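A.B. asks: Provided below: entry.pdb, containing PDB, C-alpha atoms and all ligand atoms.
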ATOM      1  CA  MET A   1      64.315 171.753 232.963
ATOM      2  CA  LYS A   2      66.607 168.943 234.155
ATOM      3  CA  PRO A   3      66.978 169.064 237.987
ATOM      4  CA  MET A   4      70.540 169.203 239.229
ATOM      5  CA  LYS A   5      72.030 166.416 241.271
ATOM      6  CA  ILE A   6      75.097 167.042 243.411
ATOM      7  CA  TYR A   7      77.356 164.364 244.842
ATOM      8  CA  LYS A   8      79.336 166.504 247.262
ATOM      9  CA  SER A   9      80.565 170.000 247.977
ATOM     10  CA  GLY A  10      83.011 171.659 250.308
ATOM     11  CA  ILE A  11      86.139 173.737 250.710
ATOM     12  CA  HIS A  12      89.219 172.047 249.301
ATOM     13  CA  LEU A  13      92.686 172.762 247.983
ATOM     14  CA  GLY A  14      92.460 172.903 244.204
ATOM     15  CA  GLU A  15      95.086 170.842 242.391
ATOM     16  CA  GLU A  16      96.524 173.567 240.168
ATOM     17  CA  LYS A  17      98.204 176.157 242.369
ATOM     18  CA  VAL A  18      98.331 178.645 239.486
ATOM     19  CA  ILE A  19      94.539 179.089 239.587
ATOM     20  CA  GLU A  20      93.344 182.071 241.615
ATOM     21  CA  GLY A  21      91.437 180.998 244.721
ATOM     22  CA  ASN A  22      92.593 177.382 244.718
ATOM     23  CA  GLN A  23      94.046 177.778 248.218
ATOM     24  CA  SER A  24      90.414 177.648 249.409
ATOM     25  CA  SER A  25      88.310 176.359 246.574
ATOM     26  CA  GLY A  26      84.540 176.017 246.775
ATOM     27  CA  MET A  27      84.147 172.674 244.995
ATOM     28  CA  ILE A  28      80.872 171.226 243.813
ATOM     29  CA  THR A  29      80.910 167.774 242.194
ATOM     30  CA  PHE A  30      77.872 166.938 240.125
ATOM     31  CA  THR A  31      76.338 163.489 240.005
ATOM     32  CA  GLY A  32      76.337 161.654 236.678
ATOM     33  CA  CYS A  33      78.404 162.162 233.576
ATOM     34  CA  HIS A  34      77.733 162.275 229.849
ATOM     35  CA  LEU A  35      80.701 159.915 229.307
ATOM     36  CA  ALA A  36      81.508 156.476 230.721
ATOM     37  CA  CYS A  37      85.310 156.109 230.746
ATOM     38  CA  ASN A  38      86.375 152.689 231.955
ATOM     39  CA  PHE A  39      89.166 154.305 234.026
ATOM     40  CA  CYS A  40      86.786 156.586 235.913
ATOM     41  CA  TYR A  41      87.766 156.590 239.569
ATOM     42  CA  THR A  42      84.608 158.336 240.722
ATOM     43  CA  PRO A  43      82.032 155.620 239.901
ATOM     44  CA  GLU A  44      79.949 156.877 242.853
ATOM     45  CA  THR A  45      78.946 159.768 240.626
ATOM     46  CA  SER A  46      79.379 158.560 237.055
ATOM     47  CA  ILE A  47      77.868 155.067 237.442
ATOM     48  CA  TYR A  48      76.022 154.756 240.754
ATOM     49  CA  ASP A  49      74.303 158.107 240.472
ATOM     50  CA  ILE A  50      74.735 158.936 244.171
ATOM     51  CA  GLY A  51      73.741 162.456 245.146
ATOM     52  CA  SER A  52      70.967 164.845 246.122
ATOM     53  CA  ASP A  53      68.647 166.889 243.935
ATOM     54  CA  TYR A  54      69.057 170.658 243.934
ATOM     55  CA  SER A  55      66.786 173.331 242.534
ATOM     56  CA  ALA A  56      68.368 176.477 241.066
ATOM     57  CA  GLU A  57      67.530 178.280 244.329
ATOM     58  CA  ALA A  58      69.053 175.542 246.486
ATOM     59  CA  PHE A  59      72.179 175.624 244.302
ATOM     60  CA  SER A  60      72.497 179.387 244.836
ATOM     61  CA  ARG A  61      72.151 178.889 248.618
ATOM     62  CA  LEU A  62      74.849 176.219 248.493
ATOM     63  CA  VAL A  63      77.198 178.662 246.758
ATOM     64  CA  GLU A  64      76.424 181.358 249.367
ATOM     65  CA  ASP A  65      77.213 178.837 252.094
ATOM     66  CA  LEU A  66      80.566 177.991 250.468
ATOM     67  CA  VAL A  67      81.412 181.697 250.242
ATOM     68  CA  MET A  68      80.554 182.128 253.948
ATOM     69  CA  ARG A  69      82.877 179.222 254.695
ATOM     70  CA  GLY A  70      85.751 180.918 252.906
ATOM     71  CA  ALA A  71      85.522 179.864 249.248
ATOM     72  CA  ARG A  72      87.878 181.963 247.124
ATOM     73  CA  ASN A  73      86.630 180.486 243.870
ATOM     74  CA  LEU A  74      83.735 178.341 242.678
ATOM     75  CA  ASN A  75      84.987 175.089 241.212
ATOM     76  CA  LEU A  76      82.375 173.049 239.325
ATOM     77  CA  ILE A  77      83.329 169.472 238.501
ATOM     78  CA  SER A  78      81.475 167.717 235.641
ATOM     79  CA  PRO A  79      78.827 170.417 235.112
ATOM     80  CA  THR A  80      78.266 169.653 231.402
ATOM     81  CA  HIS A  81      75.110 167.540 231.611
ATOM     82  CA  PHE A  82      73.412 170.125 233.864
ATOM     83  CA  TRP A  83      74.579 173.174 231.956
ATOM     84  CA  SER A  84      71.142 174.233 230.700
ATOM     85  CA  THR A  85      69.861 174.282 234.310
ATOM     86  CA  LEU A  86      73.005 175.816 235.770
ATOM     87  CA  SER A  87      73.475 178.775 233.496
ATOM     88  CA  ARG A  88      70.670 180.861 235.054
ATOM     89  CA  PRO A  89      71.806 180.670 238.722
ATOM     90  CA  LEU A  90      75.424 181.033 237.595
ATOM     91  CA  LEU A  91      74.599 184.259 235.777
ATOM     92  CA  LYS A  92      73.166 185.691 239.023
ATOM     93  CA  ILE A  93      76.223 184.535 240.972
ATOM     94  CA  LYS A  94      78.514 186.208 238.423
ATOM     95  CA  LEU A  95      76.497 189.431 238.692
ATOM     96  CA  ASN A  96      76.810 189.324 242.505
ATOM     97  CA  TYR A  97      80.476 188.453 242.810
ATOM     98  CA  GLY A  98      82.160 189.200 239.489
ATOM     99  CA  ARG A  99      85.888 188.546 239.653
ATOM    100  CA  LEU A 100      85.819 188.231 243.439
ATOM    101  CA  LEU A 101      84.712 184.627 242.978
ATOM    102  CA  PRO A 102      86.360 183.191 239.843
ATOM    103  CA  LEU A 103      84.232 180.473 238.267
ATOM    104  CA  VAL A 104      86.287 177.384 237.382
ATOM    105  CA  LEU A 105      84.642 174.832 235.075
ATOM    106  CA  LYS A 106      86.182 171.349 234.921
ATOM    107  CA  ILE A 107      84.802 169.734 231.789
ATOM    108  CA  SER A 108      85.399 166.608 229.736
ATOM    109  CA  GLY A 109      86.460 168.127 226.411
ATOM    110  CA  PHE A 110      83.473 166.419 224.795
ATOM    111  CA  GLU A 111      80.989 169.295 224.752
ATOM    112  CA  SER A 112      78.839 170.733 221.995
ATOM    113  CA  PRO A 113      79.898 174.075 220.471
ATOM    114  CA  GLU A 114      76.757 175.696 221.939
ATOM    115  CA  THR A 115      77.599 174.517 225.451
ATOM    116  CA  LEU A 116      81.193 175.701 225.060
ATOM    117  CA  HIS A 117      80.040 179.152 224.004
ATOM    118  CA  GLY A 118      77.815 179.357 227.085
ATOM    119  CA  MET A 119      80.636 178.174 229.320
ATOM    120  CA  SER A 120      83.011 180.701 227.774
ATOM    121  CA  SER A 121      80.680 183.573 228.510
ATOM    122  CA  LEU A 122      80.169 182.668 232.191
ATOM    123  CA  GLY A 123      83.334 180.828 233.212
ATOM    124  CA  ASP A 124      86.550 182.549 234.247
ATOM    125  CA  ILE A 125      88.899 179.592 234.070
ATOM    126  CA  ILE A 126      87.915 176.657 231.894
ATOM    127  CA  VAL A 127      89.680 173.361 232.482
ATOM    128  CA  PRO A 128      88.935 170.895 229.696
ATOM    129  CA  ASP A 129      90.293 167.370 229.748
ATOM    130  CA  PHE A 130      92.081 166.057 226.683
ATOM    131  CA  LYS A 131      92.041 162.371 227.548
ATOM    132  CA  VAL A 132      93.081 160.481 224.383
ATOM    133  CA  PHE A 133      93.417 161.244 220.699
ATOM    134  CA  SER A 134      93.170 158.189 218.438
ATOM    135  CA  SER A 135      89.885 156.377 217.918
ATOM    136  CA  GLU A 136      91.622 153.098 218.865
ATOM    137  CA  SER A 137      92.644 154.552 222.209
ATOM    138  CA  ALA A 138      89.172 155.980 222.694
ATOM    139  CA  ARG A 139      87.632 152.582 222.033
ATOM    140  CA  SER A 140      89.974 150.906 224.490
ATOM    141  CA  VAL A 141      88.831 153.162 227.349
ATOM    142  CA  ASN A 142      85.164 153.222 226.378
ATOM    143  CA  LEU A 143      85.096 156.793 225.113
ATOM    144  CA  PRO A 144      83.246 157.778 221.912
ATOM    145  CA  LEU A 145      85.440 157.042 218.874
ATOM    146  CA  THR A 146      85.229 160.726 217.957
ATOM    147  CA  TYR A 147      86.498 161.846 221.377
ATOM    148  CA  GLY A 148      89.984 162.949 220.221
ATOM    149  CA  LYS A 149      88.806 165.049 217.276
ATOM    150  CA  THR A 150      85.999 166.508 219.382
ATOM    151  CA  ALA A 151      88.372 167.430 222.214
ATOM    152  CA  GLN A 152      90.650 169.134 219.667
ATOM    153  CA  ARG A 153      87.688 171.062 218.220
ATOM    154  CA  SER A 154      86.546 171.969 221.749
ATOM    155  CA  LEU A 155      89.983 173.383 222.507
ATOM    156  CA  GLU A 156      89.964 175.388 219.295
ATOM    157  CA  ILE A 157      86.533 176.827 220.101
ATOM    158  CA  LEU A 158      87.594 177.697 223.651
ATOM    159  CA  MET A 159      90.760 179.363 222.377
ATOM    160  CA  LYS A 160      88.647 181.562 220.099
ATOM    161  CA  THR A 161      85.967 182.359 222.670
ATOM    162  CA  HIS A 162      87.966 182.304 225.896
ATOM    163  CA  GLY A 163      91.585 182.202 224.911
ATOM    164  CA  PHE A 164      93.197 185.241 226.473
ATOM    165  CA  SER A 165      94.849 184.747 229.837
ATOM    166  CA  HIS A 166      94.719 187.187 232.717
ATOM    167  CA  TYR A 167      96.784 187.006 235.883
ATOM    168  CA  THR A 168      96.892 188.686 239.275
ATOM    169  CA  ASP A 169     100.009 190.622 240.246
ATOM    170  CA  SER A 170     101.235 187.505 242.034
ATOM    171  CA  GLY A 171     100.906 185.448 238.844
ATOM    172  CA  LYS A 172      97.646 183.568 239.577
ATOM    173  CA  LEU A 173      95.444 182.771 236.608
ATOM    174  CA  THR A 174      92.124 184.637 236.849
ATOM    175  CA  HIS A 175      90.903 184.108 233.287
ATOM    176  CA  GLY A 176      91.867 181.608 230.634
ATOM    177  CA  LEU A 177      92.286 177.941 229.846
ATOM    178  CA  LEU A 178      94.117 175.088 231.481
ATOM    179  CA  VAL A 179      94.049 171.652 229.836
ATOM    180  CA  ARG A 180      94.349 168.448 231.874
ATOM    181  CA  HIS A 181      95.749 165.164 230.617
ATOM    182  CA  LEU A 182      95.915 161.979 232.682
ATOM    183  CA  MET A 183      98.901 159.798 231.805
ATOM    184  CA  MET A 184      97.714 156.203 231.588
ATOM    185  CA  PRO A 185      99.975 153.124 231.623
ATOM    186  CA  GLY A 186     100.845 152.044 228.066
ATOM    187  CA  PHE A 187      99.437 155.217 226.478
ATOM    188  CA  LEU A 188     102.608 157.274 225.865
ATOM    189  CA  ASP A 189     102.231 157.221 222.069
ATOM    190  CA  ASP A 190      98.666 158.428 222.328
ATOM    191  CA  SER A 191      99.628 161.066 224.912
ATOM    192  CA  LEU A 192     102.172 162.382 222.395
ATOM    193  CA  GLU A 193      99.382 162.472 219.810
ATOM    194  CA  VAL A 194      97.289 164.508 222.242
ATOM    195  CA  VAL A 195     100.148 167.031 222.515
ATOM    196  CA  ARG A 196     100.501 167.119 218.711
ATOM    197  CA  ALA A 197      96.751 167.700 218.331
ATOM    198  CA  MET A 198      96.961 170.617 220.767
ATOM    199  CA  ALA A 199     100.010 172.022 218.993
ATOM    200  CA  ALA A 200      98.196 171.729 215.647
ATOM    201  CA  VAL A 201      95.598 174.254 216.861
ATOM    202  CA  LYS A 202      98.430 176.427 218.257
ATOM    203  CA  TYR A 203      97.540 176.020 221.923
ATOM    204  CA  THR A 204     100.242 177.586 224.107
ATOM    205  CA  GLY A 205      98.453 177.801 227.454
ATOM    206  CA  TYR A 206      98.795 175.588 230.518
ATOM    207  CA  ILE A 207      98.778 171.799 230.260
ATOM    208  CA  ASN A 208      98.651 169.824 233.507
ATOM    209  CA  PHE A 209      99.989 166.285 233.154
ATOM    210  CA  MET A 210      98.565 164.128 235.911
ATOM    211  CA  THR A 211     100.971 161.283 236.464
ATOM    212  CA  TYR A 212      99.041 159.134 238.921
ATOM    213  CA  PHE A 213      96.685 156.600 237.372
ATOM    214  CA  ILE A 214      94.186 155.062 239.780
ATOM    215  CA  ASP A 215      92.890 151.656 238.735
ATOM    216  CA  PRO A 216      89.193 151.955 239.601
ATOM    217  CA  LYS A 217      88.773 148.215 240.208
ATOM    218  CA  VAL A 218      91.381 147.955 242.945
ATOM    219  CA  ARG A 219      91.912 151.652 243.746
ATOM    220  CA  GLN A 220      95.612 151.139 243.252
ATOM    221  CA  VAL A 221      97.809 154.005 242.066
ATOM    222  CA  THR A 222     100.304 153.526 239.221
ATOM    223  CA  ASN A 223     102.737 156.412 238.879
ATOM    224  CA  ALA A 224     103.869 157.240 235.365
ATOM    225  CA  ASN A 225     107.404 156.328 234.373
ATOM    226  CA  PRO A 226     109.559 159.475 234.958
ATOM    227  CA  ASP A 227     111.195 159.041 231.531
ATOM    228  CA  GLU A 228     107.768 159.128 229.897
ATOM    229  CA  VAL A 229     106.813 162.220 231.914
ATOM    230  CA  PHE A 230     110.007 163.888 230.697
ATOM    231  CA  ILE A 231     109.381 162.931 227.045
ATOM    232  CA  LEU A 232     105.804 164.166 227.166
ATOM    233  CA  SER A 233     106.495 167.400 229.029
ATOM    234  CA  THR A 234     109.460 168.199 226.766
ATOM    235  CA  SER A 235     107.301 167.717 223.704
ATOM    236  CA  ALA A 236     104.645 170.073 225.123
ATOM    237  CA  GLU A 237     107.274 172.664 226.083
ATOM    238  CA  LYS A 238     108.758 172.548 222.602
ATOM    239  CA  ALA A 239     105.294 173.328 221.215
ATOM    240  CA  GLY A 240     105.209 176.408 223.471
ATOM    241  CA  MET A 241     102.865 175.109 226.179
ATOM    242  CA  LYS A 242     103.265 175.896 229.880
ATOM    243  CA  VAL A 243     103.695 172.550 231.563
ATOM    244  CA  LEU A 244     102.457 171.618 235.017
ATOM    245  CA  ILE A 245     103.050 168.233 236.586
ATOM    246  CA  ASN A 246     100.288 167.266 239.016
ATOM    247  CA  GLY A 247      99.313 170.907 239.239
ATOM    248  CA  LYS A 248     102.785 172.275 239.992
ATOM    249  CA  LEU A 249     105.408 173.967 237.858
ATOM    250  CA  PRO A 250     108.321 171.603 237.239
ATOM    251  CA  GLN A 251     111.259 172.887 239.253
ATOM    252  CA  SER A 252     114.090 172.472 236.790
ATOM    253  CA  SER A 253     112.963 172.781 233.227
ATOM    254  CA  VAL A 254     112.230 175.203 230.470
ATOM    255  CA  ALA A 255     108.591 174.956 231.552
ATOM    256  CA  PHE A 256     109.435 176.398 234.960
ATOM    257  CA  ARG A 257     111.099 179.424 233.432
ATOM    258  CA  GLN A 258     108.232 179.933 230.969
ATOM    259  CA  GLY A 259     105.550 179.414 233.625
ATOM    260  CA  ALA A 260     107.209 181.649 236.202
ATOM    261  CA  SER A 261     107.171 184.598 233.814
ATOM    262  CA  ALA A 262     103.931 183.741 232.069
ATOM    263  CA  HIS A 263     101.733 186.773 231.627
ATOM    264  CA  GLY A 264      99.462 186.363 228.630
ATOM    265  CA  SER A 265      99.297 183.246 226.503
TER
HETATM  266  S1  LIG A 301      84.551 162.146 232.037
HETATM  267 FE1  LIG A 301      85.443 162.023 234.121
HETATM  268  S2  LIG A 301      83.668 161.691 235.479
HETATM  269 FE2  LIG A 301      82.997 161.219 233.390
HETATM  270  S3  LIG A 301      83.252 159.005 233.197
HETATM  271 FE3  LIG A 301      85.120 159.984 232.358
HETATM  272  S4  LIG A 301      86.555 160.065 234.107
HETATM  273 FE4  LIG A 301      84.470 159.668 234.967
END
Translate this structure into structure tokens?

C.D. replies:
Amino acid sequence: MKPMKIYKSGIHLGEEKVIEGNQSSGMITFTGCHLACNFCYTPETSIYDIGSDYSAEAFSRLVEDLVMRGARNLNLISPTHFWSTLSRPLLKIKLNYGRLLPLVLKISGFESPETLHGMSSLGDIIVPDFKVFSSESARSVNLPLTYGKTAQRSLEILMKTHGFSHYTDSGKLTHGLLVRHLMMPGFLDDSLEVVRAMAAVKYTGYINFMTYFIDPKVRQVTNANPDEVFILSTSAEKAGMKVLINGKLPQSSVAFRQGASAHGS
């Protein structure tokens, strides 16, 4: 079985405030990645392979330590390539904690159907990326040419296997899906295609548009043009999605009203 390698772990604020436990999130970032996006701003993990090996037992101890330090959820970043090793300790953790420690899985959107089924059965909140749609865009950022279609299929599978949403009384998501999309400079047309692809499979859950693009070569942030953010978020709202901007509900839009009263997508 493939040993796990972990880059870092700790208690952090999760980006999306709507996710239960994100006020004190037990984050674990895995080393390595099954993709090689040219915009990746964590090359320490995806390219340079920095991290420490963990057995299943050591992983379980790490989770216990995070819980002792106040973790309110378990937030696994890029777990896909270790999924076959992770599923056994995660099953035990789920049996121990159940809904007291929601399991959040941040994944690339480029997973096999088998892996997605496994993730659906163990995860509470699944957060797939939907990075680009067209094969031309995929090529330009060094993603597989089939990325867009695969991400759409992944979303469809997750909607079937994990699609219902469940919230606490205070409106925090405890079970369901939340899609992430990074707005990249010059990619508005493709971002609109991503929204259309999600609408085509009738996705009406949360979509978080991340509007800060970090150039990995110079670590410089480019913020998306506000007009483009408006165009994109309006298009997602019109398709019935619950829009977040950088993890927060927009304050003055249809999305805010929908999100504020969202109970069951
Ligand atoms: S999927 Fe994420 S971690 Fe992997 S290469 Fe792309 S941006 Fe980096």

A.B. asks: May I have the residues within 6 Å of ligand LIG 301 (chain A), computed using all atoms listed in the file, as a list of chain:residue names?

C.D. replies: A:Cys33, A:Leu35, A:Ala36, A:Cys37, A:Cys40, A:Thr42, A:Ser46, A:Ser108

A.B. asks: Give me, as a VMD selection string, all polymer residues having an atom no more than 12 Å from His81 in chain A, counting only C-alpha atoms and skipping those fewer than 3 positions away in the same chain.

C.D. replies: chain A and resid 1 to 6 30 to 35 46 76 to 78 84 to 87 107 to 108 110 to 112 115

A.B. asks: Name the residues captured by the PyMOL selection byres (((chain A and resi 143) around 10) and not hetatm) when it is applied to the shown file; answer as a list of chain:residue names.

C.D. replies: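 Answer for the PyMOL selection byres (((chain A and resi 143) around 10) and not hetatm): A:Leu35, A:Ala36, A:Cys37, A:Asn38, A:Phe110, A:Lys131, A:Val132, A:Ser135, A:Glu136, A:Ser137, A:Ala138, A:Arg139, A:Ser140, A:Val141, A:Asn142, A:Pro144, A:Leu145, A:Thr146, A:Tyr147, A:Gly148.
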
A.B. asks: Got a sec: who's within 9 Å of Ala199 in chain A, counting only C-alpha atoms, leaving out chain neighbours fewer than 2 positions off, as number ranges by chain?

C.D. replies: A: 194-197, 201-204, 236, 239-241

A.B. asks: Using only C-alpha atoms, determine which residues lie at most 10 Å from Asn208 in chain A, disregarding the query and same-chain residues fewer than 4 positions distant; provide the list as a short mmCIF file (atom, residue, chain, number, x, y, z; two decimals) with C-alpha atoms, in the frame of the given file.

C.D. replies:
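Output saved as selection29.cif:
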data_model
loop_
_atom_site.label_atom_id
_atom_site.label_comp_id
_atom_site.auth_asym_id
_atom_site.auth_seq_id
_atom_site.Cartn_x
_atom_site.Cartn_y
_atom_site.Cartn_z
CA GLU A 15 95.09 170.84 242.39
CA GLU A 16 96.52 173.57 240.17
CA VAL A 127 89.68 173.36 232.48
CA ASP A 129 90.29 167.37 229.75
CA LEU A 178 94.12 175.09 231.48
CA VAL A 179 94.05 171.65 229.84
CA ARG A 180 94.35 168.45 231.87
CA HIS A 181 95.75 165.16 230.62
CA LEU A 182 95.92 161.98 232.68
CA SER A 233 106.50 167.40 229.03
CA MET A 241 102.86 175.11 226.18
CA LYS A 242 103.26 175.90 229.88
CA VAL A 243 103.70 172.55 231.56
CA LEU A 244 102.46 171.62 235.02
CA ILE A 245 103.05 168.23 236.59
CA ASN A 246 100.29 167.27 239.02
CA GLY A 247 99.31 170.91 239.24
CA LYS A 248 102.78 172.28 239.99
CA LEU A 249 105.41 173.97 237.86
#

A.B. asks: Can you work out which one of A:Ser121, A:Ser134, A:Ser60, A:Thr174 has the shortest atom-to-atom distance to Lys160 in chain A, counting only C-alpha atoms?

C.D. replies: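 Smallest distance to Lys160 in chain A is found for A:Ser121.
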
A.B. asks: Using only C-alpha atoms, which protein or nucleic acid residues come within 12 Å of Pro113 in chain A? Drop anything in the same chain fewer than 3 positions from it, and give the result as a list in words.

C.D. replies: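 Listed by chain and then number, they are Thr80, Gly109, Phe110, Leu116, His117, Gly118, Met119, Ser120, Thr150, Ala151, Gln152, Arg153, Ser154, Leu155, Glu156, Ile157, Leu158, Lys160 and Thr161 of chain A.
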
A.B. asks: Got time to write the residues from that selection, C-alpha atoms, as a CSV table (one decimal), keeping the file's coordinate frame?

C.D. replies:
chain,number,residue,atom,x,y,z
A,80,THR,CA,78.3,169.7,231.4
A,109,GLY,CA,86.5,168.1,226.4
A,110,PHE,CA,83.5,166.4,224.8
A,116,LEU,CA,81.2,175.7,225.1
A,117,HIS,CA,80.0,179.2,224.0
A,118,GLY,CA,77.8,179.4,227.1
A,119,MET,CA,80.6,178.2,229.3
A,120,SER,CA,83.0,180.7,227.8
A,150,THR,CA,86.0,166.5,219.4
A,151,ALA,CA,88.4,167.4,222.2
A,152,GLN,CA,90.6,169.1,219.7
A,153,ARG,CA,87.7,171.1,218.2
A,154,SER,CA,86.5,172.0,221.7
A,155,LEU,CA,90.0,173.4,222.5
A,156,GLU,CA,90.0,175.4,219.3
A,157,ILE,CA,86.5,176.8,220.1
A,158,LEU,CA,87.6,177.7,223.7
A,160,LYS,CA,88.6,181.6,220.1
A,161,THR,CA,86.0,182.4,222.7

A.B. asks: Rounded to one decimal, what separation in Å do you get between CA of Phe133 in chain A and CA of Glu193 in chain A?

C.D. replies: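 Atom-to-atom, CA of Phe133 in chain A and CA of Glu193 in chain A are spaced 6.2 Å apart.
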
A.B. asks: Edge lengths and centre in Å to one decimal, as JSON, of the axis-aligned box that encloses all listed atoms of range 170-188 of chain A with 3 Å added on every side?

C.D. replies:
{"center_x": 96.8, "center_y": 169.8, "center_z": 233.9, "size_x": 17.7, "size_y": 41.5, "size_z": 22.2}

A.B. asks: Taking all atoms listed in the file into account, name the residue in A:Thr211, A:Ser170, A:Thr234, A:Thr29 that is nearest to Pro79 in chain A.

C.D. replies: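 Of A:Thr211, A:Ser170, A:Thr234, A:Thr29, the one nearest Pro79 in chain A is A:Thr29, counting all atoms listed in the file.
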
A.B. asks: Calculated over all atoms listed in the file, which of the candidates A:His162, A:Asp190, A:Gln220, A:Pro185 has the smallest distance to Gly205 in chain A?

C.D. replies: A:His162

A.B. asks: Could you state the separation of CA of Asn75 in chain A and CA of Gly26 in chain A in Å, given to one decimal place?

C.D. replies: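 Computing the Euclidean distance for CA of Asn75 in chain A and CA of Gly26 in chain A yields 5.7 Å.
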
A.B. asks: May I ask for the distance between CA of Ser24 in chain A and CA of Glu64 in chain A, given in Å to one decimal place?

C.D. replies: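 Separation between CA of Ser24 in chain A and CA of Glu64 in chain A: 14.5 Å.
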
A.B. asks: Evaluate the PyMOL selection byres (((chain A and resi 22) around 9) and not hetatm) against this structure - the residues, as a PyMOL selection string, please.

C.D. replies: chain A and resi 12-21+23-26+71-73+75

A.B. asks: For this structure, which residues satisfy the selection - the PyMOL selection byres (((chain A and resi 94) around 12) and not hetatm) - when it is evaluated on the file as given? I want them as a ChimeraX atom specification.

C.D. replies: /A:60,63,73-74,87-93,95-104,121-124

A.B. asks: Using all atoms listed in the file, which residue out of A:Ile125, A:Ile11, A:Leu66, A:Leu188 lies closest to Ala224 in chain A?

C.D. replies: A:Leu188

A.B. asks: Could I get range 226-245 of chain A rebuilt with N, CA and C atoms, written as an mmCIF file, keeping the file's coordinate frame?

C.D. replies:
data_model
loop_
_atom_site.group_PDB
_atom_site.id
_atom_site.type_symbol
_atom_site.label_atom_id
_atom_site.label_comp_id
_atom_site.auth_asym_id
_atom_site.auth_seq_id
_atom_site.Cartn_x
_atom_site.Cartn_y
_atom_site.Cartn_z
ATOM 1 N N PRO A 226 108.983 158.120 235.054
ATOM 2 C CA PRO A 226 109.559 159.475 234.958
ATOM 3 C C PRO A 226 110.119 159.792 233.571
ATOM 4 N N ASP A 227 110.679 158.781 232.881
ATOM 5 C CA ASP A 227 111.195 159.041 231.531
ATOM 6 C C ASP A 227 110.056 159.448 230.586
ATOM 7 N N GLU A 228 108.911 158.791 230.749
ATOM 8 C CA GLU A 228 107.768 159.128 229.897
ATOM 9 C C GLU A 228 107.235 160.529 230.223
ATOM 10 N N VAL A 229 107.254 160.872 231.526
ATOM 11 C CA VAL A 229 106.813 162.220 231.914
ATOM 12 C C VAL A 229 107.737 163.247 231.270
ATOM 13 N N PHE A 230 109.034 162.957 231.282
ATOM 14 C CA PHE A 230 110.007 163.888 230.697
ATOM 15 C C PHE A 230 109.766 164.031 229.184
ATOM 16 N N ILE A 231 109.593 162.894 228.504
ATOM 17 C CA ILE A 231 109.381 162.931 227.045
ATOM 18 C C ILE A 231 108.129 163.743 226.713
ATOM 19 N N LEU A 232 107.073 163.484 227.449
ATOM 20 C CA LEU A 232 105.804 164.166 227.166
ATOM 21 C C LEU A 232 105.885 165.656 227.492
ATOM 22 N N SER A 233 106.447 165.984 228.661
ATOM 23 C CA SER A 233 106.495 167.400 229.029
ATOM 24 C C SER A 233 107.444 168.164 228.112
ATOM 25 N N THR A 234 108.538 167.522 227.681
ATOM 26 C CA THR A 234 109.460 168.199 226.766
ATOM 27 C C THR A 234 108.765 168.477 225.438
ATOM 28 N N SER A 235 107.990 167.513 224.980
ATOM 29 C CA SER A 235 107.301 167.717 223.704
ATOM 30 C C SER A 235 106.293 168.862 223.801
ATOM 31 N N ALA A 236 105.603 168.973 224.954
ATOM 32 C CA ALA A 236 104.645 170.073 225.123
ATOM 33 C C ALA A 236 105.376 171.416 225.235
ATOM 34 N N GLU A 237 106.497 171.430 225.955
ATOM 35 C CA GLU A 237 107.274 172.664 226.083
ATOM 36 C C GLU A 237 107.773 173.137 224.714
ATOM 37 N N LYS A 238 108.234 172.173 223.926
ATOM 38 C CA LYS A 238 108.758 172.548 222.602
ATOM 39 C C LYS A 238 107.668 173.169 221.739
ATOM 40 N N ALA A 239 106.412 172.755 221.975
ATOM 41 C CA ALA A 239 105.294 173.328 221.215
ATOM 42 C C ALA A 239 104.832 174.655 221.826
ATOM 43 N N GLY A 240 105.511 175.088 222.891
ATOM 44 C CA GLY A 240 105.209 176.408 223.471
ATOM 45 C C GLY A 240 104.218 176.371 224.618
ATOM 46 N N MET A 241 103.842 175.180 225.081
ATOM 47 C CA MET A 241 102.865 175.109 226.179
ATOM 48 C C MET A 241 103.549 175.302 227.528
ATOM 49 N N LYS A 242 102.769 175.706 228.512
ATOM 50 C CA LYS A 242 103.265 175.896 229.880
ATOM 51 C C LYS A 242 102.910 174.643 230.666
ATOM 52 N N VAL A 243 103.924 173.880 230.988
ATOM 53 C CA VAL A 243 103.695 172.550 231.563
ATOM 54 C C VAL A 243 103.578 172.605 233.088
ATOM 55 N N LEU A 244 102.574 171.898 233.594
ATOM 56 C CA LEU A 244 102.457 171.618 235.017
ATOM 57 C C LEU A 244 102.498 170.104 235.180
ATOM 58 N N ILE A 245 103.081 169.661 236.262
ATOM 59 C CA ILE A 245 103.050 168.233 236.586
ATOM 60 C C ILE A 245 102.274 168.106 237.897
#
